[in-house]
$ cat final.pdb   # PDB, C-alpha atoms
ATOM      1  CA  MET A   1     -17.283   4.454   5.338
ATOM      2  CA  LYS A   2     -13.759   5.712   5.894
ATOM      3  CA  ALA A   3     -10.821   4.641   3.748
ATOM      4  CA  THR A   4      -7.131   5.454   3.949
ATOM      5  CA  ILE A   5      -5.026   5.095   0.829
ATOM      6  CA  TRP A   6      -1.241   5.034   0.912
ATOM      7  CA  HIS A   7      -0.821   6.725  -2.420
ATOM      8  CA  ASN A   8       1.881   7.604  -4.945
ATOM      9  CA  PRO A   9       0.534  10.261  -7.330
ATOM     10  CA  LYS A  10       3.098   9.231  -9.976
ATOM     11  CA  CYS A  11       1.677   5.681 -10.123
ATOM     12  CA  GLY A  12      -1.150   5.037 -12.588
ATOM     13  CA  THR A  13      -2.633   2.177 -10.559
ATOM     14  CA  SER A  14      -2.572   4.325  -7.441
ATOM     15  CA  ARG A  15      -4.304   7.190  -9.268
ATOM     16  CA  LYS A  16      -6.966   4.817 -10.645
ATOM     17  CA  THR A  17      -7.589   3.340  -7.193
ATOM     18  CA  LEU A  18      -7.933   6.814  -5.696
ATOM     19  CA  ALA A  19     -10.394   7.740  -8.455
ATOM     20  CA  ILE A  20     -12.536   4.703  -7.574
ATOM     21  CA  LEU A  21     -12.578   5.777  -3.932
ATOM     22  CA  GLU A  22     -13.324   9.422  -4.711
ATOM     23  CA  ASN A  23     -16.165   8.540  -7.090
ATOM     24  CA  LEU A  24     -18.052   6.619  -4.409
ATOM     25  CA  SER A  25     -20.104   9.062  -2.357
ATOM     26  CA  LYS A  26     -20.238   6.664   0.593
ATOM     27  CA  VAL A  27     -16.455   6.770   1.106
ATOM     28  CA  ASP A  28     -14.617   9.398   3.164
ATOM     29  CA  VAL A  29     -11.043   9.158   1.833
ATOM     30  CA  THR A  30      -7.832  10.057   3.631
ATOM     31  CA  VAL A  31      -4.874  10.243   1.247
ATOM     32  CA  VAL A  32      -1.396   9.620   2.600
ATOM     33  CA  GLU A  33       1.446  10.207   0.160
ATOM     34  CA  TYR A  34       3.609   7.489   1.641
ATOM     35  CA  LEU A  35       6.821   8.704  -0.027
ATOM     36  CA  LYS A  36       6.446  11.947   1.967
ATOM     37  CA  GLU A  37       4.869  10.404   5.081
ATOM     38  CA  PRO A  38       6.031   6.788   5.321
ATOM     39  CA  PRO A  39       4.169   4.489   7.674
ATOM     40  CA  SER A  40       6.075   3.125  10.649
ATOM     41  CA  ALA A  41       7.300  -0.461  10.701
ATOM     42  CA  GLU A  42       4.578  -1.187  13.267
ATOM     43  CA  LYS A  43       1.862   0.234  10.988
ATOM     44  CA  LEU A  44       3.200  -1.772   8.044
ATOM     45  CA  LEU A  45       3.109  -4.984  10.077
ATOM     46  CA  GLN A  46      -0.497  -4.236  11.064
ATOM     47  CA  LEU A  47      -1.523  -3.437   7.475
ATOM     48  CA  TYR A  48      -0.043  -6.610   6.025
ATOM     49  CA  LYS A  49      -1.404  -8.744   8.859
ATOM     50  CA  ASP A  50      -4.882  -7.281   8.226
ATOM     51  CA  ALA A  51      -4.437  -7.919   4.494
ATOM     52  CA  GLY A  52      -3.513 -11.543   5.225
ATOM     53  CA  ILE A  53      -0.169 -11.323   3.448
ATOM     54  CA  SER A  54       3.466 -11.351   4.443
ATOM     55  CA  PRO A  55       5.460  -8.140   4.113
ATOM     56  CA  ALA A  56       7.567  -9.841   1.420
ATOM     57  CA  LYS A  57       4.387 -10.262  -0.689
ATOM     58  CA  ALA A  58       3.891  -6.474  -0.507
ATOM     59  CA  LEU A  59       7.465  -5.706  -1.505
ATOM     60  CA  ARG A  60       7.879  -3.689  -4.676
ATOM     61  CA  LEU A  61      10.498  -5.368  -6.841
ATOM     62  CA  ARG A  62      10.170  -3.404 -10.081
ATOM     63  CA  GLY A  63      12.264  -0.243 -10.069
ATOM     64  CA  THR A  64      13.845  -0.960  -6.689
ATOM     65  CA  ASP A  65      16.945  -2.666  -5.345
ATOM     66  CA  ALA A  66      14.899  -5.047  -3.161
ATOM     67  CA  GLU A  67      16.236  -8.188  -4.820
ATOM     68  CA  GLU A  68      19.855  -7.026  -4.634
ATOM     69  CA  ARG A  69      19.328  -6.363  -0.920
ATOM     70  CA  GLY A  70      17.961  -9.885  -0.412
ATOM     71  CA  LEU A  71      14.624  -8.572   0.846
ATOM     72  CA  PRO A  72      12.322 -11.099  -0.884
ATOM     73  CA  ASP A  73      13.840 -13.817   1.314
ATOM     74  CA  ALA A  74      14.275 -11.721   4.463
ATOM     75  CA  ASP A  75      12.231 -12.036   7.661
ATOM     76  CA  ASP A  76       9.204  -9.779   8.235
ATOM     77  CA  ALA A  77      11.003  -7.400  10.608
ATOM     78  CA  THR A  78      13.809  -6.809   8.112
ATOM     79  CA  VAL A  79      11.378  -6.197   5.240
ATOM     80  CA  VAL A  80       9.191  -3.727   7.125
ATOM     81  CA  ALA A  81      12.227  -1.909   8.538
ATOM     82  CA  ALA A  82      13.526  -1.488   4.987
ATOM     83  CA  MET A  83      10.101  -0.283   3.784
ATOM     84  CA  ALA A  84       9.773   2.197   6.641
ATOM     85  CA  ALA A  85      13.243   3.567   5.916
ATOM     86  CA  ASP A  86      12.816   3.536   2.128
ATOM     87  CA  PRO A  87       9.073   3.587   1.327
ATOM     88  CA  ILE A  88       9.635   3.199  -2.434
ATOM     89  CA  LEU A  89       9.940  -0.492  -1.495
ATOM     90  CA  MET A  90       6.203  -0.648  -0.695
ATOM     91  CA  GLU A  91       3.964  -2.039  -3.405
ATOM     92  CA  ARG A  92       1.198   0.460  -3.996
ATOM     93  CA  PRO A  93      -1.422   1.509  -3.406
ATOM     94  CA  VAL A  94      -2.457   0.128  -0.034
ATOM     95  CA  VAL A  95      -6.030   0.822   1.082
ATOM     96  CA  GLU A  96      -7.416   0.289   4.580
ATOM     97  CA  THR A  97     -11.110   0.338   5.514
ATOM     98  CA  GLU A  98     -13.087  -1.111   8.391
ATOM     99  CA  LYS A  99     -13.616  -4.182   6.187
ATOM    100  CA  GLY A 100      -9.909  -4.886   5.710
ATOM    101  CA  VAL A 101      -6.723  -3.966   3.898
ATOM    102  CA  ARG A 102      -5.685  -4.624   0.315
ATOM    103  CA  VAL A 103      -2.659  -3.956  -1.834
ATOM    104  CA  CYS A 104      -4.731  -2.748  -4.765
ATOM    105  CA  ARG A 105      -3.026  -4.261  -7.770
ATOM    106  CA  PRO A 106      -5.065  -4.308  -9.909
ATOM    107  CA  GLN A 107      -7.037  -1.278  -8.797
ATOM    108  CA  ASP A 108     -10.380  -3.103  -8.762
ATOM    109  CA  THR A 109      -9.110  -5.077  -5.764
ATOM    110  CA  VAL A 110     -10.221  -2.113  -3.652
ATOM    111  CA  LEU A 111     -13.851  -3.114  -4.249
ATOM    112  CA  GLU A 112     -13.313  -6.171  -1.999
ATOM    113  CA  ILE A 113     -13.115  -3.939   1.087
ATOM    114  CA  LEU A 114     -15.815  -1.358   0.288
TER
END
$ encode --input "final.pdb" --output "structure tokens"
Amino acid sequence: MKATIWHNPKCGTSRKTLAILENLSKVDVTVVEYLKEPPSAEKLLQLYKDAGISPAKALRLRGTDAEERGLPDADDATVVAAMAADPILMERPVVETEKGVRVCRPQDTVLEIL
């Protein structure tokens, strides 16, 4: 199975999720450090659609200015445009496999799509 993780190495939950993926021999992991290589707005829309959540549900509030910018109440296009331009606004980590997409908070959520 292949898995892609949008990862922030400074985030403990992201590191723990990556460790789960790396410790499973059946998983071929691609790591994308999303702060260096942010996904496009189109990719974000696809990820959140596949996860069954709105972009606002995947918005990182802690440590960001998302609330001051009015993003929690903004439309999907506005939220994903902001995330694509400033990827720190993405809640992390996001993992995509052939079985689906999850925002892996807590990290054990990744097991749902393996």
$ residues_around --input "final.pdb" --residues "Lys49 (chain A)" --least-positions-apart "2" --cutoff "12 Å" --atoms "only C-alpha atoms" --output "number ranges by chain"
A: 42-47, 51-58, 76, 80, 96, 100-103
$ residues_around --input "final.pdb" --residues "Leu24 (chain A)" --least-positions-apart "3" --cutoff "12 Å" --atoms "all atoms listed in the file" --output "JSON, numbers by chain"
{"A": [1, 2, 3, 17, 18, 19, 20, 21, 27, 28, 29, 110, 111, 114]}
$ atom_distance --input "final.pdb" --atom1 "CA of Val79 (chain A)" --atom2 "CA of Leu59 (chain A)"
7.8 Å
$ atom_distance --input "final.pdb" --atom1 "CA of Asp65 (chain A)" --atom2 "CA of Thr30 (chain A)"
29.3 Å
$ axis_aligned_box --input "final.pdb" --around "region 62-65 of chain A" --padding-each-side "5 Å" --output "JSON"
{"center_x": 13.6, "center_y": -1.8, "center_z": -7.7, "size_x": 16.8, "size_y": 13.2, "size_z": 14.7}
$ closest_residue --input "final.pdb" --among "A:Gly63, A:Leu89, A:Ser40, A:Tyr34" --to "Ser14 (chain A)" --atoms "all atoms listed in the file"
A:Tyr34
$ atom_distance --input "final.pdb" --atom1 "CA of Glu98 (chain A)" --atom2 "CA of Ala84 (chain A)"
23.2 Å
$ residues_around --input "final.pdb" --residues "Thr64 (chain A)" --least-positions-apart "6" --cutoff "12 Å" --atoms "only C-alpha atoms" --output "JSON list (two decimals) with C-alpha atoms, in the frame of the given file"
[["chain", "number", "residue", "atom", "x", "y", "z"],
["A", 70, "GLY", "CA", 17.96, -9.88, -0.41],
["A", 71, "LEU", "CA", 14.62, -8.57, 0.85],
["A", 72, "PRO", "CA", 12.32, -11.10, -0.88],
["A", 82, "ALA", "CA", 13.53, -1.49, 4.99],
["A", 83, "MET", "CA", 10.10, -0.28, 3.78],
["A", 86, "ASP", "CA", 12.82, 3.54, 2.13],
["A", 87, "PRO", "CA", 9.07, 3.59, 1.33],
["A", 88, "ILE", "CA", 9.64, 3.20, -2.43],
["A", 89, "LEU", "CA", 9.94, -0.49, -1.50],
["A", 90, "MET", "CA", 6.20, -0.65, -0.70],
["A", 91, "GLU", "CA", 3.96, -2.04, -3.40]]
$ resolve_selection --input "final.pdb" --expression "the PyMOL selection byres ((chain A and resi 13) around 10)" --output "count of residues only"
19
$ closest_residue --input "final.pdb" --among "A:Val95, A:Ala77, A:Ala85, A:Ile113" --to "Lys36 (chain A)" --atoms "only C-alpha atoms"
A:Ala85
$ decode --input "final.pdb" --residues "region 73-87 of chain A" --atoms "all heavy atoms" --output "short mmCIF file (atom, residue, chain, number, x, y, z; two decimals), in the first residue's frame"
data_model
loop_
_atom_site.label_atom_id
_atom_site.label_comp_id
_atom_site.auth_asym_id
_atom_site.auth_seq_id
_atom_site.Cartn_x
_atom_site.Cartn_y
_atom_site.Cartn_z
N ASP A 73 -15.26 30.87 9.27
CA ASP A 73 -16.60 31.10 8.72
C ASP A 73 -16.58 31.38 7.22
O ASP A 73 -17.62 31.68 6.64
CB ASP A 73 -17.26 32.27 9.45
CG ASP A 73 -17.42 32.01 10.94
OD1 ASP A 73 -17.80 30.87 11.29
OD2 ASP A 73 -17.15 32.91 11.74
N ALA A 74 -15.41 31.28 6.61
CA ALA A 74 -15.27 31.60 5.19
C ALA A 74 -15.71 30.41 4.32
O ALA A 74 -15.81 29.28 4.79
CB ALA A 74 -13.82 31.96 4.88
N ASP A 75 -15.95 30.69 3.04
CA ASP A 75 -16.32 29.63 2.10
C ASP A 75 -15.09 28.75 1.79
O ASP A 75 -13.95 29.14 2.06
CB ASP A 75 -16.90 30.22 0.82
CG ASP A 75 -15.91 31.09 0.09
OD1 ASP A 75 -15.06 30.55 -0.64
OD2 ASP A 75 -15.96 32.33 0.27
N ASP A 76 -15.34 27.58 1.23
CA ASP A 76 -14.28 26.60 0.97
C ASP A 76 -13.15 27.18 0.11
O ASP A 76 -11.97 26.96 0.39
CB ASP A 76 -14.83 25.35 0.29
CG ASP A 76 -15.70 24.51 1.21
OD1 ASP A 76 -15.76 24.81 2.42
OD2 ASP A 76 -16.30 23.54 0.71
N ALA A 77 -13.50 27.90 -0.94
CA ALA A 77 -12.48 28.45 -1.84
C ALA A 77 -11.56 29.42 -1.12
O ALA A 77 -10.34 29.41 -1.32
CB ALA A 77 -13.14 29.12 -3.04
N THR A 78 -12.12 30.23 -0.25
CA THR A 78 -11.31 31.19 0.51
C THR A 78 -10.38 30.47 1.48
O THR A 78 -9.21 30.82 1.61
CB THR A 78 -12.23 32.17 1.28
OG1 THR A 78 -13.05 32.87 0.33
CG2 THR A 78 -11.44 33.16 2.11
N VAL A 79 -10.90 29.45 2.15
CA VAL A 79 -10.09 28.69 3.12
C VAL A 79 -8.93 27.98 2.42
O VAL A 79 -7.79 28.09 2.86
CB VAL A 79 -10.95 27.70 3.92
CG1 VAL A 79 -10.08 26.80 4.80
CG2 VAL A 79 -11.97 28.44 4.77
N VAL A 80 -9.21 27.28 1.34
CA VAL A 80 -8.13 26.54 0.68
C VAL A 80 -7.14 27.48 0.00
O VAL A 80 -5.94 27.19 -0.03
CB VAL A 80 -8.62 25.45 -0.30
CG1 VAL A 80 -9.38 24.38 0.42
CG2 VAL A 80 -9.42 26.02 -1.43
N ALA A 81 -7.59 28.62 -0.48
CA ALA A 81 -6.65 29.60 -1.05
C ALA A 81 -5.71 30.11 0.04
O ALA A 81 -4.50 30.25 -0.19
CB ALA A 81 -7.42 30.75 -1.70
N ALA A 82 -6.25 30.36 1.22
CA ALA A 82 -5.43 30.82 2.34
C ALA A 82 -4.44 29.73 2.75
O ALA A 82 -3.26 30.01 3.01
CB ALA A 82 -6.30 31.22 3.52
N MET A 83 -4.89 28.47 2.81
CA MET A 83 -4.01 27.36 3.17
C MET A 83 -2.90 27.17 2.14
O MET A 83 -1.76 26.91 2.51
CB MET A 83 -4.81 26.06 3.30
CG MET A 83 -5.69 25.97 4.49
SD MET A 83 -6.61 24.41 4.39
CE MET A 83 -7.40 24.37 5.97
N ALA A 84 -3.25 27.27 0.87
CA ALA A 84 -2.25 27.09 -0.18
C ALA A 84 -1.19 28.20 -0.12
O ALA A 84 -0.01 27.95 -0.33
CB ALA A 84 -2.92 27.06 -1.55
N ALA A 85 -1.64 29.41 0.20
CA ALA A 85 -0.72 30.53 0.29
C ALA A 85 0.08 30.53 1.58
O ALA A 85 1.23 30.97 1.61
CB ALA A 85 -1.49 31.85 0.16
N ASP A 86 -0.52 30.03 2.65
CA ASP A 86 0.11 30.02 3.97
C ASP A 86 -0.16 28.66 4.62
O ASP A 86 -1.08 28.52 5.43
CB ASP A 86 -0.49 31.16 4.81
CG ASP A 86 0.28 31.42 6.10
OD1 ASP A 86 1.34 30.80 6.32
OD2 ASP A 86 -0.20 32.26 6.88
N PRO A 87 0.62 27.63 4.26
CA PRO A 87 0.31 26.26 4.66
C PRO A 87 0.33 25.99 6.17
O PRO A 87 -0.16 24.96 6.61
CB PRO A 87 1.34 25.42 3.92
CG PRO A 87 2.44 26.35 3.58
CD PRO A 87 1.80 27.70 3.41
#
